[in-house]
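The file entry_1.pdb comes next; it holds PDB, C-alpha atoms.
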ATOM      1  CA  ARG V   1     113.425 119.068  95.792
ATOM      2  CA  VAL V   2     110.636 118.129  98.207
ATOM      3  CA  ALA V   3     111.871 114.548  98.215
ATOM      4  CA  ARG V   4     115.441 115.653  98.884
ATOM      5  CA  ALA V   5     114.285 117.625 101.946
ATOM      6  CA  ILE V   6     112.971 114.417 103.547
ATOM      7  CA  GLY V   7     115.734 112.068 102.416
ATOM      8  CA  ALA V   8     113.666 110.438  99.684
ATOM      9  CA  ARG V   9     113.607 110.028  95.900
ATOM     10  CA  ALA V  10     111.368 112.063  93.625
ATOM     11  CA  GLY V  11     109.359 109.109  92.353
ATOM     12  CA  GLN V  12     108.229 108.333  95.890
ATOM     13  CA  VAL V  13     106.446 111.673  96.375
ATOM     14  CA  VAL V  14     102.798 112.230  95.419
ATOM     15  CA  PHE V  15     101.658 115.839  95.232
ATOM     16  CA  THR V  16      98.200 116.474  96.677
ATOM     17  CA  SER V  17      95.938 119.454  97.373
ATOM     18  CA  GLY V  18      97.289 119.704 100.929
ATOM     19  CA  GLY V  19      97.986 117.830 104.127
ATOM     20  CA  THR V  20      94.352 116.815 104.525
ATOM     21  CA  GLU V  21      94.292 114.989 101.208
ATOM     22  CA  ALA V  22      97.703 113.473 101.873
ATOM     23  CA  ASP V  23      96.443 112.022 105.168
ATOM     24  CA  ALA V  24      93.221 110.767 103.573
ATOM     25  CA  LEU V  25      95.088 109.155 100.686
ATOM     26  CA  ALA V  26      97.408 107.405 103.114
ATOM     27  CA  VAL V  27      94.675 106.086 105.403
ATOM     28  CA  LEU V  28      91.909 105.297 102.932
ATOM     29  CA  GLY V  29      94.218 104.304 100.084
ATOM     30  CA  THR V  30      96.191 101.839 102.179
ATOM     31  CA  VAL V  31      93.250 100.056 103.783
ATOM     32  CA  ARG V  32      91.213  99.918 100.583
ATOM     33  CA  ALA V  33      94.183  98.470  98.690
ATOM     34  CA  ARG V  34      94.445  95.704 101.287
ATOM     35  CA  ILE V  35      90.700  95.024 101.099
ATOM     36  CA  LEU V  36      90.819  94.820  97.301
ATOM     37  CA  ALA V  37      93.793  92.467  97.509
ATOM     38  CA  GLY V  38      91.859  90.163  99.826
ATOM     39  CA  ARG V  39      94.217  90.780 102.726
ATOM     40  CA  PRO V  40      93.011  91.048 106.353
ATOM     41  CA  ALA V  41      91.978  94.652 106.919
ATOM     42  CA  GLY V  42      89.449  94.744 109.721
ATOM     43  CA  HIS V  43      91.400  96.829 112.218
ATOM     44  CA  VAL V  44      93.164 100.212 112.302
ATOM     45  CA  LEU V  45      95.159 101.758 115.163
ATOM     46  CA  THR V  46      95.458 105.513 115.696
ATOM     47  CA  THR V  47      95.135 108.049 118.558
ATOM     48  CA  TRP V  48      92.420 110.403 119.758
ATOM     49  CA  ILE V  49      94.607 113.460 119.117
ATOM     50  CA  GLU V  50      95.206 113.024 115.400
ATOM     51  CA  HIS V  51      94.197 115.686 112.897
ATOM     52  CA  SER V  52      90.577 115.456 111.783
ATOM     53  CA  ALA V  53      91.785 114.344 108.342
ATOM     54  CA  VAL V  54      93.021 111.118 109.940
ATOM     55  CA  ARG V  55      90.172 110.703 112.408
ATOM     56  CA  GLN V  56      87.445 111.248 109.832
ATOM     57  CA  SER V  57      89.165 108.982 107.315
ATOM     58  CA  CYS V  58      89.182 106.273 109.975
ATOM     59  CA  ASP V  59      85.513 106.977 110.682
ATOM     60  CA  GLN V  60      84.772 106.540 106.987
ATOM     61  CA  LEU V  61      86.541 103.180 106.970
ATOM     62  CA  ALA V  62      84.359 102.124 109.886
ATOM     63  CA  ARG V  63      81.138 103.286 108.210
ATOM     64  CA  LEU V  64      81.777 102.004 104.705
ATOM     65  CA  HIS V  65      83.954  98.956 105.270
ATOM     66  CA  GLY V  66      83.202  97.844 108.815
ATOM     67  CA  VAL V  67      86.777  98.453 109.938
ATOM     68  CA  GLU V  68      87.279  98.577 113.710
ATOM     69  CA  VAL V  69      89.166 101.711 114.740
ATOM     70  CA  GLU V  70      91.077 101.391 118.012
ATOM     71  CA  HIS V  71      92.903 104.200 119.803
ATOM     72  CA  LEU V  72      96.315 103.841 121.397
ATOM     73  CA  ALA V  73      96.810 104.913 125.003
ATOM     74  CA  LEU V  74      98.315 108.344 125.690
ATOM     75  CA  ASP V  75     100.112 109.632 128.763
ATOM     76  CA  ARG V  76      99.594 113.094 130.289
ATOM     77  CA  ASP V  77     101.903 114.618 127.666
ATOM     78  CA  GLY V  78     100.072 113.022 124.755
ATOM     79  CA  LEU V  79     102.732 110.381 124.121
ATOM     80  CA  THR V  80     102.013 106.840 123.065
ATOM     81  CA  CYS V  81     104.495 104.011 123.484
ATOM     82  CA  ALA V  82     105.781 101.062 121.511
ATOM     83  CA  ASP V  83     104.728  98.574 124.183
ATOM     84  CA  ASP V  84     101.080  99.621 123.941
ATOM     85  CA  LEU V  85     101.238  99.416 120.155
ATOM     86  CA  ALA V  86     102.723  95.911 120.316
ATOM     87  CA  ALA V  87      99.958  94.787 122.677
ATOM     88  CA  ARG V  88      97.188  96.068 120.427
ATOM     89  CA  LEU V  89      98.371  94.838 117.031
ATOM     90  CA  ARG V  90      96.227  92.044 115.577
ATOM     91  CA  PRO V  91      96.497  89.715 112.575
ATOM     92  CA  ASP V  92      93.910  91.877 110.762
ATOM     93  CA  THR V  93      95.488  95.254 111.588
ATOM     94  CA  ALA V  94      95.737  97.086 108.276
ATOM     95  CA  LEU V  95      97.364 100.351 109.328
ATOM     96  CA  VAL V  96      98.809 102.338 112.219
ATOM     97  CA  SER V  97      98.441 106.123 111.915
ATOM     98  CA  VAL V  98     100.143 108.632 114.237
ATOM     99  CA  HIS V  99     101.408 112.182 113.933
ATOM    100  CA  LEU V 100     105.048 113.164 114.350
ATOM    101  CA  ALA V 101     104.553 116.473 116.186
ATOM    102  CA  HIS V 102     101.344 117.813 117.699
ATOM    103  CA  ASN V 103     100.318 121.342 116.760
ATOM    104  CA  GLU V 104      98.813 122.270 120.149
ATOM    105  CA  VAL V 105     101.018 120.714 122.822
ATOM    106  CA  GLY V 106     104.220 120.171 120.864
ATOM    107  CA  THR V 107     104.537 116.504 121.721
ATOM    108  CA  VAL V 108     106.888 114.611 119.408
ATOM    109  CA  GLN V 109     105.952 110.941 119.116
ATOM    110  CA  PRO V 110     108.629 108.193 119.204
ATOM    111  CA  VAL V 111     107.869 107.317 115.602
ATOM    112  CA  ALA V 112     111.017 105.274 114.943
ATOM    113  CA  GLU V 113     110.171 103.003 117.898
ATOM    114  CA  LEU V 114     106.561 102.651 116.775
ATOM    115  CA  ALA V 115     107.703 101.937 113.228
ATOM    116  CA  ALA V 116     109.988  99.136 114.384
ATOM    117  CA  VAL V 117     107.110  97.443 116.208
ATOM    118  CA  ALA V 118     104.736  97.847 113.272
ATOM    119  CA  ARG V 119     107.333  96.584 110.797
ATOM    120  CA  GLU V 120     107.975  93.486 112.890
ATOM    121  CA  ALA V 121     104.262  92.697 112.644
ATOM    122  CA  GLY V 122     104.095  93.481 108.931
ATOM    123  CA  VAL V 123     101.744  96.430 109.455
ATOM    124  CA  PRO V 124     102.275  99.713 107.553
ATOM    125  CA  LEU V 125     102.723 102.944 109.506
ATOM    126  CA  HIS V 126     101.406 106.324 108.333
ATOM    127  CA  VAL V 127     102.906 109.453 109.880
ATOM    128  CA  ASP V 128     101.280 112.885 109.702
ATOM    129  CA  ALA V 129     104.334 115.155 109.614
ATOM    130  CA  VAL V 130     102.431 118.276 108.566
ATOM    131  CA  GLN V 131     103.160 120.161 111.793
ATOM    132  CA  ALA V 132     106.711 118.846 112.073
ATOM    133  CA  ALA V 133     108.158 119.772 108.677
ATOM    134  CA  GLY V 134     110.393 122.813 108.863
ATOM    135  CA  GLN V 135     110.440 122.645 112.668
ATOM    136  CA  ILE V 136     112.219 119.352 113.404
ATOM    137  CA  PRO V 137     114.021 116.870 111.129
ATOM    138  CA  VAL V 138     111.725 114.821 108.905
ATOM    139  CA  ASP V 139     113.847 112.058 107.408
ATOM    140  CA  VAL V 140     111.790 109.169 106.079
ATOM    141  CA  ARG V 141     114.670 106.725 106.483
ATOM    142  CA  ALA V 142     115.156 107.624 110.143
ATOM    143  CA  LEU V 143     111.424 107.554 110.840
ATOM    144  CA  GLY V 144     111.018 104.092 109.346
ATOM    145  CA  ALA V 145     107.437 104.851 108.285
ATOM    146  CA  ASP V 146     105.683 103.687 105.121
ATOM    147  CA  LEU V 147     103.782 106.906 104.433
ATOM    148  CA  VAL V 148     104.557 110.493 105.467
ATOM    149  CA  ALA V 149     102.165 113.403 104.881
ATOM    150  CA  LEU V 150     103.291 117.014 104.360
ATOM    151  CA  SER V 151     101.641 120.383 103.658
ATOM    152  CA  GLY V 152     102.984 123.328 101.687
ATOM    153  CA  HIS V 153     101.593 126.243 103.684
ATOM    154  CA  LYS V 154     102.900 124.851 106.975
ATOM    155  CA  VAL V 155     106.458 125.486 105.780
ATOM    156  CA  GLY V 156     105.633 128.935 104.414
ATOM    157  CA  GLY V 157     104.634 127.824 100.926
ATOM    158  CA  PRO V 158     101.338 128.390  99.110
ATOM    159  CA  LYS V 159      98.031 126.996 100.277
ATOM    160  CA  GLY V 160      96.429 124.245  98.218
ATOM    161  CA  VAL V 161      99.418 121.935  97.850
ATOM    162  CA  GLY V 162     100.780 119.079  99.920
ATOM    163  CA  ALA V 163     102.585 115.799  99.435
ATOM    164  CA  LEU V 164     102.549 112.194 100.521
ATOM    165  CA  TRP V 165     105.733 110.181 100.615
ATOM    166  CA  VAL V 166     105.064 106.524  99.800
ATOM    167  CA  ARG V 167     107.567 103.773 100.520
ATOM    168  CA  PRO V 168     108.465 101.835  97.339
ATOM    169  CA  GLY V 169     106.288  98.762  96.956
ATOM    170  CA  HIS V 170     103.540 100.043  99.238
ATOM    171  CA  ALA V 171     100.102  99.361  97.709
ATOM    172  CA  LEU V 172      97.885 102.436  97.577
ATOM    173  CA  GLU V 173      94.398 102.608  96.069
ATOM    174  CA  PRO V 174      93.931 106.091  94.552
ATOM    175  CA  LEU V 175      91.137 108.315  95.828
ATOM    176  CA  VAL V 176      91.098 110.288  92.579
ATOM    177  CA  PRO V 177      91.079 108.134  89.416
ATOM    178  CA  GLY V 178      91.457 109.643  85.986
ATOM    179  CA  GLY V 179      94.393 110.486  83.777
ATOM    180  CA  GLY V 180      97.003 108.589  85.739
ATOM    181  CA  GLN V 181      99.054 111.542  86.950
ATOM    182  CA  GLU V 182     101.407 111.086  89.906
ATOM    183  CA  ARG V 183     102.162 107.551  88.697
ATOM    184  CA  GLY V 184      98.484 106.655  88.932
ATOM    185  CA  ARG V 185      98.266 107.446  92.620
ATOM    186  CA  ARG V 186      96.535 110.835  92.322
ATOM    187  CA  SER V 187      95.036 111.786  88.978
ATOM    188  CA  GLY V 188      94.306 115.330  87.837
ATOM    189  CA  THR V 189      96.333 118.085  86.231
ATOM    190  CA  GLN V 190      99.171 118.890  88.596
ATOM    191  CA  ASN V 191      99.434 122.194  90.435
ATOM    192  CA  VAL V 192     102.899 122.926  89.087
ATOM    193  CA  ALA V 193     103.143 126.451  90.490
ATOM    194  CA  GLY V 194     102.026 125.223  93.906
ATOM    195  CA  ALA V 195     104.528 122.372  93.852
ATOM    196  CA  ALA V 196     107.342 124.746  92.900
ATOM    197  CA  GLY V 197     106.366 127.143  95.682
ATOM    198  CA  PHE V 198     106.196 124.256  98.151
ATOM    199  CA  ALA V 199     109.674 123.108  97.133
ATOM    200  CA  ALA V 200     111.198 126.580  97.460
ATOM    201  CA  ALA V 201     109.577 127.194 100.847
ATOM    202  CA  PHE V 202     110.549 123.787 102.198
ATOM    203  CA  GLU V 203     114.181 124.269 101.187
ATOM    204  CA  GLU V 204     114.254 127.677 102.876
ATOM    205  CA  ALA V 205     112.552 126.364 106.005
ATOM    206  CA  GLU V 206     115.090 123.550 106.233
ATOM    207  CA  ALA V 207     117.982 125.954 105.713
ATOM    208  CA  GLU V 208     116.720 128.174 108.549
ATOM    209  CA  ARG V 209     115.622 125.388 110.908
TER     210      ARG V 209
END
Could you express the structure from this file as structure tokens?
Amino acid sequence: RVARAIGARAGQVVFTSGGTEADALAVLGTVRARILAGRPAGHVLTTWIEHSAVRQSCDQLARLHGVEVEHLALDRDGLTCADDLAARLRPDTALVSVHLAHNEVGTVQPVAELAAVAREAGVPLHVDAVQAAGQIPVDVRALGADLVALSGHKVGGPKGVGALWVRPGHALEPLVPGGGQERGRRSGTQNVAGAAGFAAAFEEAEAER
């Protein structure tokens, strides 16, 4: 039901403890998977106005793995542009991470345009859609992203549950190893009640949007 609300399939959704974990799994899991695979992963692009879950995950990549974190330019409304992204992409860029809608100023990023540029360069794009879900359309096919983070309580559901949509074939190193739940991408006994509440709230939010 969560997958259906974003135009995806159920097997592509990983339930997490919230939007923060979903963002961290996307950022850390993607770059670490590339490092482990021996692929170039020395550079990440994001913005200064991302949620702290993204910014601190990027900081951790810099501290632990020596990854260079570069910030895209923003105009007075907090918008970045595809041209700036294209100019800053490098052969060792491992990930681009931007939000869809900003919680303080309401800016909606041109994610589909950014995704097209990143895809042309073979670089995955993570989108934090936590503040957007239930407010504006969040369709993973239209966005063109590789990873999309969501949070249950932001759509009126319970706290303590979120989700990360992962494009099929995208390599993701789990942050939580263990019993292999969530198709090995996030181990631990699932919060079934939280997931059900998230699904019900998301459906209602979409119906009322």
At a cut-off of 12 Å around the point (106.7, 104.9, 109.0) (file coordinates), what residues fall inside when counting only C-alpha atoms? I'd like the answer as a PyMOL selection string.
chain V and resi 26+95-100+109-119+122-129+138-149+164-167+170
Within 12 Å of Ser151 in chain V, counting all atoms listed in the file, which residues show up once you throw out same-chain ones fewer than 3 positions away? Write them as a ChimeraX atom specification, please.
/V:2,14-23,128-134,148,154-165,194-195,197-199,201-202
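Here CA of Ser57 in chain V is placed at a distance of 26.3 Å from CA of Ala10 in chain V.
The spacing separating CA of Leu79 in chain V from CA of Ala8 in chain V amounts to 26.8 Å.
Here CA of Glu173 in chain V and CA of Thr30 in chain V stand 6.4 Å from one another.
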Assuming the chain letters and numbering stay as they are in my file, what does the PyMOL selection byres ((chain V and resi 178) around 7) actually select? List them as a PyMOL selection string.
chain V and resi 176-177+179-180+187-188
Target residues per the PyMOL selection byres ((chain V and resi 69-73) around 9), formatted as a VMD selection string
chain V and resid 42 to 48 58 to 59 61 to 62 67 to 68 74 to 75 78 to 81 84 to 85 88
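Ranking V:Glu208, V:Asp92, V:Asp77, V:Glu50 by their shortest atom-to-atom distance to Val31 in chain V, with only C-alpha atoms included, puts V:Asp92 first.
Each of V:Pro40, V:Pro168, V:Gly152, V:Pro137 was checked against Thr93 in chain V using only C-alpha atoms; the smallest atom-to-atom distance is that of V:Pro40.
Between Arg209 in chain V and the candidates V:Ile136, V:Ala24, V:Leu150, V:Ala171, the tightest atom-to-atom separation, counting only C-alpha atoms, involves V:Ile136.
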Find the smallest box with edges along x, y and z containing every listed atom of range 14-19 of chain V, then add 8 Å on each side and report centre and edge lengths in Å to one decimal, as JSON.
{"center_x": 99.4, "center_y": 116.0, "center_z": 99.7, "size_x": 22.9, "size_y": 23.5, "size_z": 24.9}
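Distances from V:Glu120, V:His102, V:Gly169, V:Asn191 to Gln135 in chain V were compared using all atoms listed in the file, and the smallest one belongs to V:His102.
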Neighbour list for Arg32 in chain V as an MDAnalysis selection string, cut-off 9 Å, only C-alpha atoms, skip fewer than 3 positions in-chain
chainID V and resid 27:29 35:37 41 61 65 172:173
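Comparing the minimum interatomic distances between Ala94 in chain V and each of V:Ile49, V:Gly38, V:Arg76, V:Arg63, counting all atoms listed in the file, we find that V:Gly38 sits nearest.
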